[in-house]
>>> print(open('structure-v7.pdb').read())   # PDB, C-alpha atoms and all ligand atoms
ATOM      1  CA  MET A   1      -1.832 -52.977  -8.879
ATOM      2  CA  ILE A   2      -3.878 -50.005  -7.654
ATOM      3  CA  GLN A   3      -3.679 -49.837  -3.872
ATOM      4  CA  SER A   4      -6.631 -48.308  -2.076
ATOM      5  CA  MET A   5      -6.329 -46.232   1.068
ATOM      6  CA  TYR A   6      -7.844 -49.185   2.963
ATOM      7  CA  THR A   7      -4.999 -51.456   1.820
ATOM      8  CA  PHE A   8      -2.430 -48.755   2.568
ATOM      9  CA  ARG A   9      -3.778 -48.419   6.124
ATOM     10  CA  ARG A  10      -3.830 -52.201   6.454
ATOM     11  CA  ARG A  11      -0.168 -52.379   5.420
ATOM     12  CA  ILE A  12       0.753 -49.843   8.117
ATOM     13  CA  ILE A  13      -1.119 -51.827  10.782
ATOM     14  CA  GLN A  14       0.527 -55.073   9.593
ATOM     15  CA  GLY A  15       3.937 -53.366   9.860
ATOM     16  CA  LEU A  16       3.161 -52.150  13.382
ATOM     17  CA  SER A  17       2.044 -55.620  14.465
ATOM     18  CA  ILE A  18       5.361 -57.078  13.251
ATOM     19  CA  LEU A  19       7.193 -54.342  15.164
ATOM     20  CA  VAL A  20       5.290 -55.293  18.337
ATOM     21  CA  LEU A  21       6.304 -58.938  17.841
ATOM     22  CA  LEU A  22       9.884 -57.834  17.188
ATOM     23  CA  SER A  23       9.908 -55.983  20.519
ATOM     24  CA  VAL A  24       9.830 -59.353  22.300
ATOM     25  CA  PRO A  25      13.235 -60.665  21.056
ATOM     26  CA  LEU A  26      14.545 -57.112  21.589
ATOM     27  CA  ARG A  27      13.404 -57.507  25.226
ATOM     28  CA  LEU A  28      11.233 -54.387  25.156
ATOM     29  CA  LEU A  29       8.188 -56.530  25.861
ATOM     30  CA  CYS A  30       9.024 -59.563  27.965
ATOM     31  CA  PHE A  31       8.922 -61.387  31.260
ATOM     32  CA  ASP A  32      12.114 -60.855  33.253
ATOM     33  CA  LEU A  33      12.695 -64.063  35.216
ATOM     34  CA  GLU A  34      15.530 -62.569  37.269
ATOM     35  CA  LYS A  35      13.596 -59.520  38.440
ATOM     36  CA  ASP A  36      10.202 -61.300  38.468
ATOM     37  CA  CYS A  37       8.562 -58.560  36.452
ATOM     38  CA  ILE A  38       6.993 -57.849  33.075
ATOM     39  CA  ARG A  39       8.798 -55.233  30.998
ATOM     40  CA  VAL A  40       6.672 -53.129  28.661
ATOM     41  CA  TYR A  41       8.721 -50.650  26.631
ATOM     42  CA  GLY A  42      10.801 -49.401  29.553
ATOM     43  CA  ALA A  43       8.118 -49.699  32.275
ATOM     44  CA  GLU A  44       8.497 -52.555  34.754
ATOM     45  CA  PHE A  45       5.540 -54.252  36.433
ATOM     46  CA  GLY A  46       6.426 -56.401  39.434
ATOM     47  CA  LEU A  47       4.276 -59.143  40.963
ATOM     48  CA  ALA A  48       2.011 -56.644  42.747
ATOM     49  CA  SER A  49       1.291 -54.540  39.646
ATOM     50  CA  MET A  50       1.482 -57.271  36.980
ATOM     51  CA  PHE A  51      -2.281 -57.205  36.552
ATOM     52  CA  TYR A  52      -2.021 -53.845  34.713
ATOM     53  CA  PRO A  53      -0.385 -55.316  31.546
ATOM     54  CA  LEU A  54      -2.508 -58.471  31.867
ATOM     55  CA  PHE A  55      -5.624 -56.299  32.174
ATOM     56  CA  ALA A  56      -4.494 -54.395  29.049
ATOM     57  CA  ILE A  57      -4.024 -57.684  27.123
ATOM     58  CA  VAL A  58      -7.506 -58.925  28.098
ATOM     59  CA  GLY A  59      -8.944 -55.507  27.130
ATOM     60  CA  LEU A  60      -7.179 -55.694  23.773
ATOM     61  CA  LEU A  61      -8.516 -59.196  23.113
ATOM     62  CA  LEU A  62     -12.069 -58.088  23.944
ATOM     63  CA  PHE A  63     -11.641 -55.049  21.689
ATOM     64  CA  VAL A  64     -10.553 -57.320  18.803
ATOM     65  CA  VAL A  65     -13.549 -59.610  19.361
ATOM     66  CA  PHE A  66     -16.028 -56.681  19.433
ATOM     67  CA  ARG A  67     -14.454 -55.031  16.357
ATOM     68  CA  GLY A  68     -14.731 -58.397  14.596
ATOM     69  CA  MET A  69     -18.485 -58.448  15.266
ATOM     70  CA  LYS A  70     -18.800 -55.203  13.286
ATOM     71  CA  LYS A  71     -15.964 -55.370  10.768
ATOM     72  CA  GLY A  72     -15.499 -59.108  10.117
ATOM     73  CA  ARG A  73     -12.209 -60.989  10.252
ATOM     74  CA  ILE A  74     -10.047 -57.886  10.387
ATOM     75  CA  PHE A  75      -7.811 -59.404  13.074
ATOM     76  CA  CYS A  76      -6.679 -61.904  10.416
ATOM     77  CA  SER A  77      -6.086 -59.402   7.620
ATOM     78  CA  HIS A  78      -4.576 -56.661   9.777
ATOM     79  CA  LEU A  79      -2.640 -58.378  12.568
ATOM     80  CA  CYS A  80      -2.096 -62.094  12.024
ATOM     81  CA  PRO A  81       1.356 -63.227  10.756
ATOM     82  CA  MET A  82      -0.308 -66.219   9.023
ATOM     83  CA  HIS A  83      -2.233 -63.818   6.775
ATOM     84  CA  LEU A  84       0.979 -61.987   5.933
ATOM     85  CA  PHE A  85       2.531 -65.343   5.041
ATOM     86  CA  LEU A  86      -0.483 -66.222   2.852
ATOM     87  CA  GLU A  87      -0.230 -62.877   1.077
ATOM     88  CA  THR A  88       3.437 -63.693   0.387
ATOM     89  CA  VAL A  89       2.846 -67.149  -1.084
ATOM     90  CA  ASN A  90      -0.691 -66.812  -2.516
ATOM     91  CA  ASN A  91      -0.155 -63.827  -4.779
ATOM     92  CA  PRO A  92      -0.289 -63.891  -8.590
ATOM     93  CA  LYS A  93       3.474 -63.354  -8.977
ATOM     94  CA  THR A  94       4.367 -66.320  -6.763
ATOM     95  CA  ARG A  95       1.612 -68.522  -8.199
ATOM     96  CA  GLU A  96       2.921 -67.939 -11.729
ATOM     97  CA  SER A  97       6.631 -68.127 -10.883
ATOM     98  CA  GLY A  98       6.850 -71.940 -10.831
ATOM     99  CA  SER A  99       8.918 -71.738  -7.650
ATOM    100  CA  ARG A 100       5.995 -71.455  -5.243
ATOM    101  CA  LYS A 101       7.027 -74.605  -3.337
ATOM    102  CA  ILE A 102      10.523 -73.260  -2.675
ATOM    103  CA  LYS A 103       9.046 -69.945  -1.557
ATOM    104  CA  VAL A 104       6.594 -71.727   0.747
ATOM    105  CA  TRP A 105       9.470 -73.617   2.418
ATOM    106  CA  PHE A 106      11.663 -70.544   2.620
ATOM    107  CA  TRP A 107       9.019 -68.237   4.106
ATOM    108  CA  SER A 108       7.721 -71.021   6.355
ATOM    109  CA  ALA A 109      11.208 -71.352   7.850
ATOM    110  CA  VAL A 110      11.527 -67.570   8.264
ATOM    111  CA  TYR A 111       8.102 -67.139   9.925
ATOM    112  CA  SER A 112       8.487 -70.291  12.068
ATOM    113  CA  LEU A 113      11.910 -69.270  13.386
ATOM    114  CA  PHE A 114      10.659 -65.767  14.074
ATOM    115  CA  LEU A 115       7.523 -66.862  15.940
ATOM    116  CA  THR A 116       9.409 -69.526  17.906
ATOM    117  CA  GLU A 117      11.939 -66.928  18.948
ATOM    118  CA  VAL A 118       9.174 -64.476  19.905
ATOM    119  CA  ILE A 119       7.696 -67.054  22.291
ATOM    120  CA  LEU A 120      11.002 -68.251  23.760
ATOM    121  CA  SER A 121      12.499 -64.823  24.189
ATOM    122  CA  PHE A 122       9.465 -63.615  26.107
ATOM    123  CA  PHE A 123      10.989 -65.629  28.976
ATOM    124  CA  GLN A 124      14.689 -65.906  28.107
ATOM    125  CA  PRO A 125      16.929 -63.536  26.137
ATOM    126  CA  LEU A 126      18.571 -65.073  23.065
ATOM    127  CA  PRO A 127      22.124 -65.244  24.548
ATOM    128  CA  ASN A 128      20.733 -67.195  27.544
ATOM    129  CA  GLN A 129      18.843 -69.535  25.206
ATOM    130  CA  LEU A 130      22.017 -70.265  23.215
ATOM    131  CA  HIS A 131      23.941 -70.844  26.443
ATOM    132  CA  LEU A 132      21.269 -73.256  27.754
ATOM    133  CA  ILE A 133      21.059 -75.112  24.418
ATOM    134  CA  ALA A 134      24.867 -75.483  24.343
ATOM    135  CA  ALA A 135      24.673 -76.878  27.892
ATOM    136  CA  GLY A 136      22.119 -79.472  26.700
ATOM    137  CA  ASN A 137      19.061 -78.061  28.515
ATOM    138  CA  LYS A 138      16.432 -80.646  27.530
ATOM    139  CA  ALA A 139      13.382 -78.521  28.428
ATOM    140  CA  LEU A 140      14.419 -75.617  26.222
ATOM    141  CA  ILE A 141      15.538 -77.850  23.353
ATOM    142  CA  GLY A 142      12.250 -79.801  23.565
ATOM    143  CA  ILE A 143       9.976 -76.739  23.739
ATOM    144  CA  GLY A 144      11.932 -74.930  21.010
ATOM    145  CA  SER A 145      11.860 -77.935  18.654
ATOM    146  CA  ALA A 146       8.150 -78.569  19.270
ATOM    147  CA  LEU A 147       7.283 -74.935  18.546
ATOM    148  CA  LEU A 148       9.459 -74.821  15.437
ATOM    149  CA  LEU A 149       8.082 -78.069  14.019
ATOM    150  CA  GLY A 150       4.505 -77.068  14.901
ATOM    151  CA  PHE A 151       4.808 -73.733  13.106
ATOM    152  CA  MET A 152       6.546 -75.376  10.120
ATOM    153  CA  GLY A 153       3.680 -77.887   9.911
ATOM    154  CA  LEU A 154       1.103 -75.079   9.927
ATOM    155  CA  PHE A 155       2.876 -72.982   7.319
ATOM    156  CA  VAL A 156       3.943 -75.785   4.964
ATOM    157  CA  LEU A 157       1.057 -78.253   5.247
ATOM    158  CA  TYR A 158      -2.034 -76.342   6.295
ATOM    159  CA  GLN A 159      -1.676 -72.702   5.235
ATOM    160  CA  GLU A 160      -5.145 -71.177   4.653
ATOM    161  CA  LYS A 161      -6.759 -74.516   5.581
ATOM    162  CA  PHE A 162      -5.697 -73.789   9.156
ATOM    163  CA  CYS A 163      -7.320 -70.325   8.979
ATOM    164  CA  LYS A 164     -10.546 -71.882   7.700
ATOM    165  CA  LYS A 165     -10.823 -74.989   9.860
ATOM    166  CA  GLY A 166      -8.328 -74.939  12.732
ATOM    167  CA  CYS A 167      -7.871 -71.409  14.046
ATOM    168  CA  PRO A 168      -9.710 -70.791  17.350
ATOM    169  CA  TYR A 169     -10.185 -67.108  16.495
ATOM    170  CA  ALA A 170     -11.908 -68.099  13.225
ATOM    171  CA  LEU A 171     -14.312 -70.245  15.219
ATOM    172  CA  ILE A 172     -15.108 -67.407  17.646
ATOM    173  CA  GLN A 173     -15.522 -65.007  14.724
ATOM    174  CA  MET A 174     -17.842 -67.423  12.947
ATOM    175  CA  LEU A 175     -20.048 -67.605  16.055
ATOM    176  CA  LEU A 176     -20.100 -63.820  16.430
ATOM    177  CA  GLN A 177     -20.721 -63.085  12.760
ATOM    178  CA  SER A 178     -24.216 -61.668  12.272
ATOM    179  CA  ASP A 179     -26.296 -59.945   9.625
ATOM    180  CA  THR A 180     -24.825 -56.626  10.769
ATOM    181  CA  THR A 181     -21.194 -57.642  10.173
ATOM    182  CA  ARG A 182     -19.319 -55.990   7.279
ATOM    183  CA  PHE A 183     -18.843 -58.114   4.191
ATOM    184  CA  MET A 184     -17.233 -57.779   0.786
ATOM    185  CA  GLU A 185     -19.867 -57.682  -1.932
ATOM    186  CA  PHE A 186     -19.342 -58.500  -5.587
ATOM    187  CA  ALA A 187     -21.831 -56.765  -7.878
ATOM    188  CA  ASN A 188     -21.680 -56.766 -11.663
ATOM    189  CA  PRO A 189     -24.790 -54.765 -12.710
ATOM    190  CA  ASP A 190     -23.391 -53.534 -16.052
ATOM    191  CA  LYS A 191     -21.717 -56.857 -16.904
ATOM    192  CA  THR A 192     -18.294 -55.230 -16.965
ATOM    193  CA  CYS A 193     -16.516 -58.218 -15.428
ATOM    194  CA  THR A 194     -13.935 -59.443 -17.956
ATOM    195  CA  ASN A 195     -13.540 -62.811 -16.219
ATOM    196  CA  CYS A 196      -9.808 -62.077 -15.910
ATOM    197  CA  ARG A 197      -9.747 -63.925 -12.546
ATOM    198  CA  ARG A 198      -7.296 -61.466 -11.019
ATOM    199  CA  CYS A 199      -9.576 -61.313  -7.958
ATOM    200  CA  ASP A 200      -9.262 -65.091  -7.492
ATOM    201  CA  ASP A 201      -5.494 -65.154  -8.050
ATOM    202  CA  VAL A 202      -4.828 -62.462  -5.460
ATOM    203  CA  CYS A 203      -7.035 -63.887  -2.687
ATOM    204  CA  PRO A 204      -4.763 -65.035   0.184
ATOM    205  CA  MET A 205      -7.500 -67.366   1.432
ATOM    206  CA  ASN A 206      -7.772 -69.060  -1.981
ATOM    207  CA  LEU A 207     -11.440 -68.109  -2.306
ATOM    208  CA  ARG A 208     -13.242 -67.682  -5.615
ATOM    209  CA  ALA A 209     -13.691 -64.045  -4.715
ATOM    210  CA  ARG A 210     -16.747 -63.342  -6.901
ATOM    211  CA  PHE A 211     -18.706 -66.179  -5.334
ATOM    212  CA  GLU A 212     -17.217 -66.542  -1.851
ATOM    213  CA  SER A 213     -16.342 -63.028  -0.655
ATOM    214  CA  LYS A 214     -19.404 -63.038   1.619
ATOM    215  CA  ALA A 215     -18.363 -66.306   3.235
ATOM    216  CA  ALA A 216     -17.112 -66.529   6.820
ATOM    217  CA  ASP A 217     -13.617 -67.351   5.473
ATOM    218  CA  CYS A 218     -13.212 -63.942   3.831
ATOM    219  CA  THR A 219     -10.865 -61.788   5.907
ATOM    220  CA  ASN A 220     -12.014 -58.462   4.392
ATOM    221  CA  CYS A 221      -8.476 -57.812   3.188
ATOM    222  CA  ASN A 222      -9.691 -55.805   0.152
ATOM    223  CA  LEU A 223      -7.108 -57.334  -2.207
ATOM    224  CA  CYS A 224      -9.815 -58.536  -4.630
ATOM    225  CA  ALA A 225     -11.201 -54.989  -4.844
ATOM    226  CA  ASP A 226      -7.726 -53.637  -5.611
ATOM    227  CA  ALA A 227      -7.112 -56.348  -8.230
ATOM    228  CA  CYS A 228     -10.423 -55.572  -9.913
ATOM    229  CA  ALA A 229      -9.619 -51.829  -9.925
ATOM    230  CA  ALA A 230      -6.304 -52.669 -11.595
ATOM    231  CA  GLU A 231      -8.206 -54.557 -14.313
ATOM    232  CA  LEU A 232     -11.147 -52.185 -14.863
ATOM    233  CA  GLY A 233      -9.567 -48.873 -13.892
ATOM    234  CA  ALA A 234      -9.549 -46.843 -10.675
ATOM    235  CA  GLY A 235     -13.028 -46.404  -9.243
ATOM    236  CA  ASN A 236     -14.538 -49.207 -11.340
ATOM    237  CA  THR A 237     -13.965 -52.117  -8.985
ATOM    238  CA  LEU A 238     -16.855 -54.561  -8.740
ATOM    239  CA  PHE A 239     -16.068 -55.342  -5.077
ATOM    240  CA  HIS A 240     -17.317 -53.099  -2.288
ATOM    241  CA  PHE A 241     -17.534 -53.355   1.474
ATOM    242  CA  ILE A 242     -21.090 -53.366   2.774
ATOM    243  CA  ASP A 243     -21.813 -52.329   6.360
ATOM    244  CA  PRO A 244     -25.353 -53.533   7.013
ATOM    245  CA  PRO A 245     -27.249 -51.201   9.359
ATOM    246  CA  PRO A 246     -28.103 -52.521  12.813
ATOM    247  CA  VAL A 247     -31.591 -53.978  13.022
ATOM    248  CA  GLU A 248     -33.888 -51.568  14.861
ATOM    249  CA  ALA A 249     -35.563 -52.878  18.020
ATOM    250  CA  GLY A 250     -39.122 -54.081  17.450
ATOM    251  CA  LYS A 251     -38.631 -54.786  13.711
TER     252      LYS A 251
HETATM  253  S1  LIG B   1     -12.471 -62.536  -1.053
HETATM  254 FE1  LIG B   1     -11.394 -60.580  -1.298
HETATM  255  S2  LIG B   1     -11.547 -59.552   0.705
HETATM  256 FE2  LIG B   1     -12.067 -61.750   0.979
HETATM  257  S3  LIG B   1     -10.144 -62.726   1.609
HETATM  258 FE3  LIG B   1     -10.327 -62.946  -0.626
HETATM  259  S4  LIG B   1      -9.232 -61.169  -1.459
HETATM  260 FE4  LIG B   1      -9.601 -60.727   0.700
HETATM  261  S1  LIG B   2     -10.930 -58.900 -11.164
HETATM  262 FE1  LIG B   2     -12.868 -57.862 -11.622
HETATM  263  S2  LIG B   2     -13.024 -58.045 -13.833
HETATM  264 FE2  LIG B   2     -11.515 -59.580 -13.220
HETATM  265  S3  LIG B   2     -12.692 -61.475 -12.883
HETATM  266 FE3  LIG B   2     -12.561 -60.432 -10.908
HETATM  267  S4  LIG B   2     -14.464 -59.236 -10.834
HETATM  268 FE4  LIG B   2     -14.165 -59.780 -12.976
END
>>> encode(input="structure-v7.pdb", output="structure tokens")
Amino acid sequence: MIQSMYTFRRRIIQGLSILVLLSVPLRLLCFDLEKDCIRVYGAEFGLASMFYPLFAIVGLLLFVVFRGMKKGRIFCSHLCPMHLFLETVNNPKTRESGSRKIKVWFWSAVYSLFLTEVILSFFQPLPNQLHLIAAGNKALIGIGSALLLGFMGLFVLYQEKFCKKGCPYALIQMLLQSDTTRFMEFANPDKTCTNCRRCDDVCPMNLRARFESKAADCTNCNLCADACAAELGAGNTLFHFIDPPPVEAGK
């Protein structure tokens, strides 16, 4: 499949977001219970200065929300592990393989274990967790099991249904979406669409891309545009991002 520069950039950002998550089990980004401080890549913030990293997190969240107002659900397509999971199990190769169910279970287990460990190891390093579990620590066993089962439920049972109906970010994004937010347009002026349905098969959100790419559930991932370019040739894709201009005051 032809990969556009947009998708290439998106892949890099997805990779970086996984690296950030990986820094938690590696204890580069964590809360140190013994020293009562937050560690951020070598810097330590004690109780008195802890508001700096917290301030940065709030700033980052606000930045994501404001970018979403302009660019659509790019948090989902660029940063969210659920989207990465959906791209793994909702792609044409997996759909056609006949072993999609096995892959869903396998990748659900991988993502669930990873995310559970990211949360737990923010507070306790892995060796401590194993020690506490071996000693029968009920709190850790309970929290760990609840997180693992919760994530497994999301990945196995809900998948993109969670992104559409249950995700709090999706709800915020839906409220902030306006007529100046970027959307993916399908236009077929010369009737060149071959009805190959590659755009549908590649959509991680299981949308009928030609009819639903403007919907609030579209994450602006650009995969339909790439799939269409692979069918019709580079530069001939029928999907294009549209950035509506801001409405001028008084109009
Ligand atoms: S419609 Fe296209 S841009 Fe939107 S989520 Fe599906 S593949 Fe991605
Ligand atoms: S990938 Fe392009 S040519 Fe194929 S069905 Fe979708 S819009 Fe039509």
>>> atom_distance(input="structure-v7.pdb", atom1="atom CA of Tyr111 of chain A", atom2="atom CA of Val58 of chain A")
25.3 Å
>>> closest_residue(input="structure-v7.pdb", among="A:Glu231, A:Asp179, A:Glu87, A:Glu117", to="ligand LIG 1 (chain B)", atoms="only C-alpha atoms and all ligand atoms")
A:Glu87
>>> closest_residue(input="structure-v7.pdb", among="A:Ala209, A:Cys196, A:Leu120, A:Ala229", to="ligand LIG 2 (chain B)", atoms="only C-alpha atoms and all ligand atoms")
A:Cys196
>>> residues_near_ligand(input="structure-v7.pdb", ligand="ligand LIG 1 (chain B)", cutoff="8 Å", atoms="only C-alpha atoms and all ligand atoms", output="list of chain:residue names")
A:Ser77, A:Met184, A:Cys199, A:Asp200, A:Val202, A:Cys203, A:Pro204, A:Met205, A:Asn206, A:Leu207, A:Arg208, A:Ala209, A:Arg210, A:Glu212, A:Ser213, A:Lys214, A:Asp217, A:Cys218, A:Thr219, A:Asn220, A:Cys221, A:Asn222, A:Leu223, A:Cys224, A:Ala225, A:Phe239
>>> resolve_selection(input="structure-v7.pdb", expression="the PyMOL selection byres (((not hetatm)) within 6 of (chain B and resi 2))", output="VMD selection string")
chain A and resid 193 to 199 227 to 228 231 238
>>> resolve_selection(input="structure-v7.pdb", expression="the PyMOL selection byres (((chain A and resi 154-165) around 9) and not hetatm)", output="JSON list (two decimals) with C-alpha atoms, keeping the file's coordinate frame")
[["chain", "number", "residue", "atom", "x", "y", "z"],
["A", 76, "CYS", "CA", -6.68, -61.90, 10.42],
["A", 82, "MET", "CA", -0.31, -66.22, 9.02],
["A", 83, "HIS", "CA", -2.23, -63.82, 6.78],
["A", 85, "PHE", "CA", 2.53, -65.34, 5.04],
["A", 86, "LEU", "CA", -0.48, -66.22, 2.85],
["A", 101, "LYS", "CA", 7.03, -74.60, -3.34],
["A", 104, "VAL", "CA", 6.59, -71.73, 0.75],
["A", 105, "TRP", "CA", 9.47, -73.62, 2.42],
["A", 107, "TRP", "CA", 9.02, -68.24, 4.11],
["A", 108, "SER", "CA", 7.72, -71.02, 6.36],
["A", 109, "ALA", "CA", 11.21, -71.35, 7.85],
["A", 111, "TYR", "CA", 8.10, -67.14, 9.93],
["A", 112, "SER", "CA", 8.49, -70.29, 12.07],
["A", 149, "LEU", "CA", 8.08, -78.07, 14.02],
["A", 150, "GLY", "CA", 4.50, -77.07, 14.90],
["A", 151, "PHE", "CA", 4.81, -73.73, 13.11],
["A", 152, "MET", "CA", 6.55, -75.38, 10.12],
["A", 153, "GLY", "CA", 3.68, -77.89, 9.91],
["A", 166, "GLY", "CA", -8.33, -74.94, 12.73],
["A", 167, "CYS", "CA", -7.87, -71.41, 14.05],
["A", 168, "PRO", "CA", -9.71, -70.79, 17.35],
["A", 169, "TYR", "CA", -10.18, -67.11, 16.50],
["A", 170, "ALA", "CA", -11.91, -68.10, 13.22],
["A", 171, "LEU", "CA", -14.31, -70.24, 15.22],
["A", 204, "PRO", "CA", -4.76, -65.04, 0.18],
["A", 205, "MET", "CA", -7.50, -67.37, 1.43],
["A", 206, "ASN", "CA", -7.77, -69.06, -1.98],
["A", 216, "ALA", "CA", -17.11, -66.53, 6.82],
["A", 217, "ASP", "CA", -13.62, -67.35, 5.47]]
>>> closest_residue(input="structure-v7.pdb", among="A:Arg182, A:Arg39, A:Lys93, A:Lys138", to="Pro244 of chain A", atoms="only C-alpha atoms")
A:Arg182
>>> atom_distance(input="structure-v7.pdb", atom1="atom CA of Thr116 of chain A", atom2="atom CA of Leu147 of chain A")
5.8 Å
>>> atom_distance(input="structure-v7.pdb", atom1="atom CA of Leu79 of chain A", atom2="atom CA of Ser17 of chain A")
5.8 Å
>>> resolve_selection(input="structure-v7.pdb", expression="the PyMOL selection byres (((chain A and resi 23-28) around 7) and not hetatm)", output="PDB file with C-alpha atoms, in the coordinates of the input")
ATOM      1  CA  LEU A  19       7.193 -54.342  15.164  1.00  0.00           C
ATOM      2  CA  VAL A  20       5.290 -55.293  18.337  1.00  0.00           C
ATOM      3  CA  LEU A  21       6.304 -58.938  17.841  1.00  0.00           C
ATOM      4  CA  LEU A  22       9.884 -57.834  17.188  1.00  0.00           C
ATOM      5  CA  LEU A  29       8.188 -56.530  25.861  1.00  0.00           C
ATOM      6  CA  CYS A  30       9.024 -59.563  27.965  1.00  0.00           C
ATOM      7  CA  ARG A  39       8.798 -55.233  30.998  1.00  0.00           C
ATOM      8  CA  VAL A  40       6.672 -53.129  28.661  1.00  0.00           C
ATOM      9  CA  TYR A  41       8.721 -50.650  26.631  1.00  0.00           C
ATOM     10  CA  GLY A  42      10.801 -49.401  29.553  1.00  0.00           C
ATOM     11  CA  GLU A 117      11.939 -66.928  18.948  1.00  0.00           C
ATOM     12  CA  VAL A 118       9.174 -64.476  19.905  1.00  0.00           C
ATOM     13  CA  SER A 121      12.499 -64.823  24.189  1.00  0.00           C
ATOM     14  CA  PHE A 122       9.465 -63.615  26.107  1.00  0.00           C
ATOM     15  CA  PRO A 125      16.929 -63.536  26.137  1.00  0.00           C
TER      16      PRO A 125
END
>>> closest_residue(input="structure-v7.pdb", among="A:Ile102, A:Met50, A:Val89, A:Leu115", to="Ile18 of chain A", atoms="all atoms listed in the file")
A:Leu115
>>> residues_around(input="structure-v7.pdb", residues="Phe123 of chain A", least_positions_apart="6", cutoff="8 Å", atoms="all atoms listed in the file", output="short mmCIF file (atom, residue, chain, number, x, y, z; two decimals) with C-alpha atoms, keeping the file's coordinate frame")
data_model
loop_
_atom_site.label_atom_id
_atom_site.label_comp_id
_atom_site.auth_asym_id
_atom_site.auth_seq_id
_atom_site.Cartn_x
_atom_site.Cartn_y
_atom_site.Cartn_z
CA CYS A 30 9.02 -59.56 27.96
CA PHE A 31 8.92 -61.39 31.26
CA ASP A 32 12.11 -60.86 33.25
CA LEU A 33 12.70 -64.06 35.22
#
>>> axis_aligned_box(input="structure-v7.pdb", around="segment 220-235 of chain A", padding_each_side="3 Å", output="JSON")
{"center_x": -9.7, "center_y": -52.5, "center_z": -5.2, "size_x": 12.7, "size_y": 18.1, "size_z": 25.3}
>>> decode(input="structure-v7.pdb", residues="segment 97-113 of chain A", atoms="N, CA and C atoms", output="compact mmCIF listing (two decimals), in the first residue's frame")
# COMPACT_ATOMS: atom_id res chain seq x y z
N SER A 97 -7.54 -13.27 6.83
CA SER A 97 -6.71 -14.43 7.20
C SER A 97 -7.52 -15.60 7.78
N GLY A 98 -8.72 -15.33 8.30
CA GLY A 98 -9.50 -16.41 8.90
C GLY A 98 -9.08 -16.67 10.34
N SER A 99 -8.00 -16.02 10.79
CA SER A 99 -7.57 -16.23 12.18
C SER A 99 -7.70 -14.93 12.97
N ARG A 100 -8.66 -14.08 12.56
CA ARG A 100 -8.80 -12.79 13.22
C ARG A 100 -9.07 -12.95 14.71
N LYS A 101 -9.93 -13.94 15.06
CA LYS A 101 -10.30 -14.12 16.48
C LYS A 101 -9.06 -14.41 17.32
N ILE A 102 -8.21 -15.30 16.81
CA ILE A 102 -6.99 -15.66 17.56
C ILE A 102 -6.12 -14.42 17.72
N LYS A 103 -6.01 -13.65 16.62
CA LYS A 103 -5.19 -12.44 16.68
C LYS A 103 -5.76 -11.43 17.66
N VAL A 104 -7.10 -11.33 17.69
CA VAL A 104 -7.73 -10.39 18.64
C VAL A 104 -7.37 -10.79 20.07
N TRP A 105 -7.47 -12.09 20.39
CA TRP A 105 -7.15 -12.55 21.74
C TRP A 105 -5.67 -12.34 22.05
N PHE A 106 -4.83 -12.67 21.08
CA PHE A 106 -3.39 -12.55 21.31
C PHE A 106 -3.00 -11.09 21.58
N TRP A 107 -3.42 -10.19 20.65
CA TRP A 107 -3.03 -8.79 20.80
C TRP A 107 -3.74 -8.13 21.98
N SER A 108 -4.95 -8.62 22.30
CA SER A 108 -5.63 -8.09 23.49
C SER A 108 -4.82 -8.40 24.74
N ALA A 109 -4.30 -9.63 24.81
CA ALA A 109 -3.50 -10.02 25.98
C ALA A 109 -2.22 -9.19 26.05
N VAL A 110 -1.58 -8.99 24.87
CA VAL A 110 -0.33 -8.22 24.85
C VAL A 110 -0.59 -6.77 25.31
N TYR A 111 -1.58 -6.12 24.70
CA TYR A 111 -1.87 -4.71 25.04
C TYR A 111 -2.34 -4.59 26.50
N SER A 112 -3.18 -5.55 26.94
CA SER A 112 -3.73 -5.46 28.31
C SER A 112 -2.62 -5.61 29.34
N LEU A 113 -1.73 -6.60 29.12
CA LEU A 113 -0.62 -6.78 30.06
C LEU A 113 0.27 -5.54 30.08
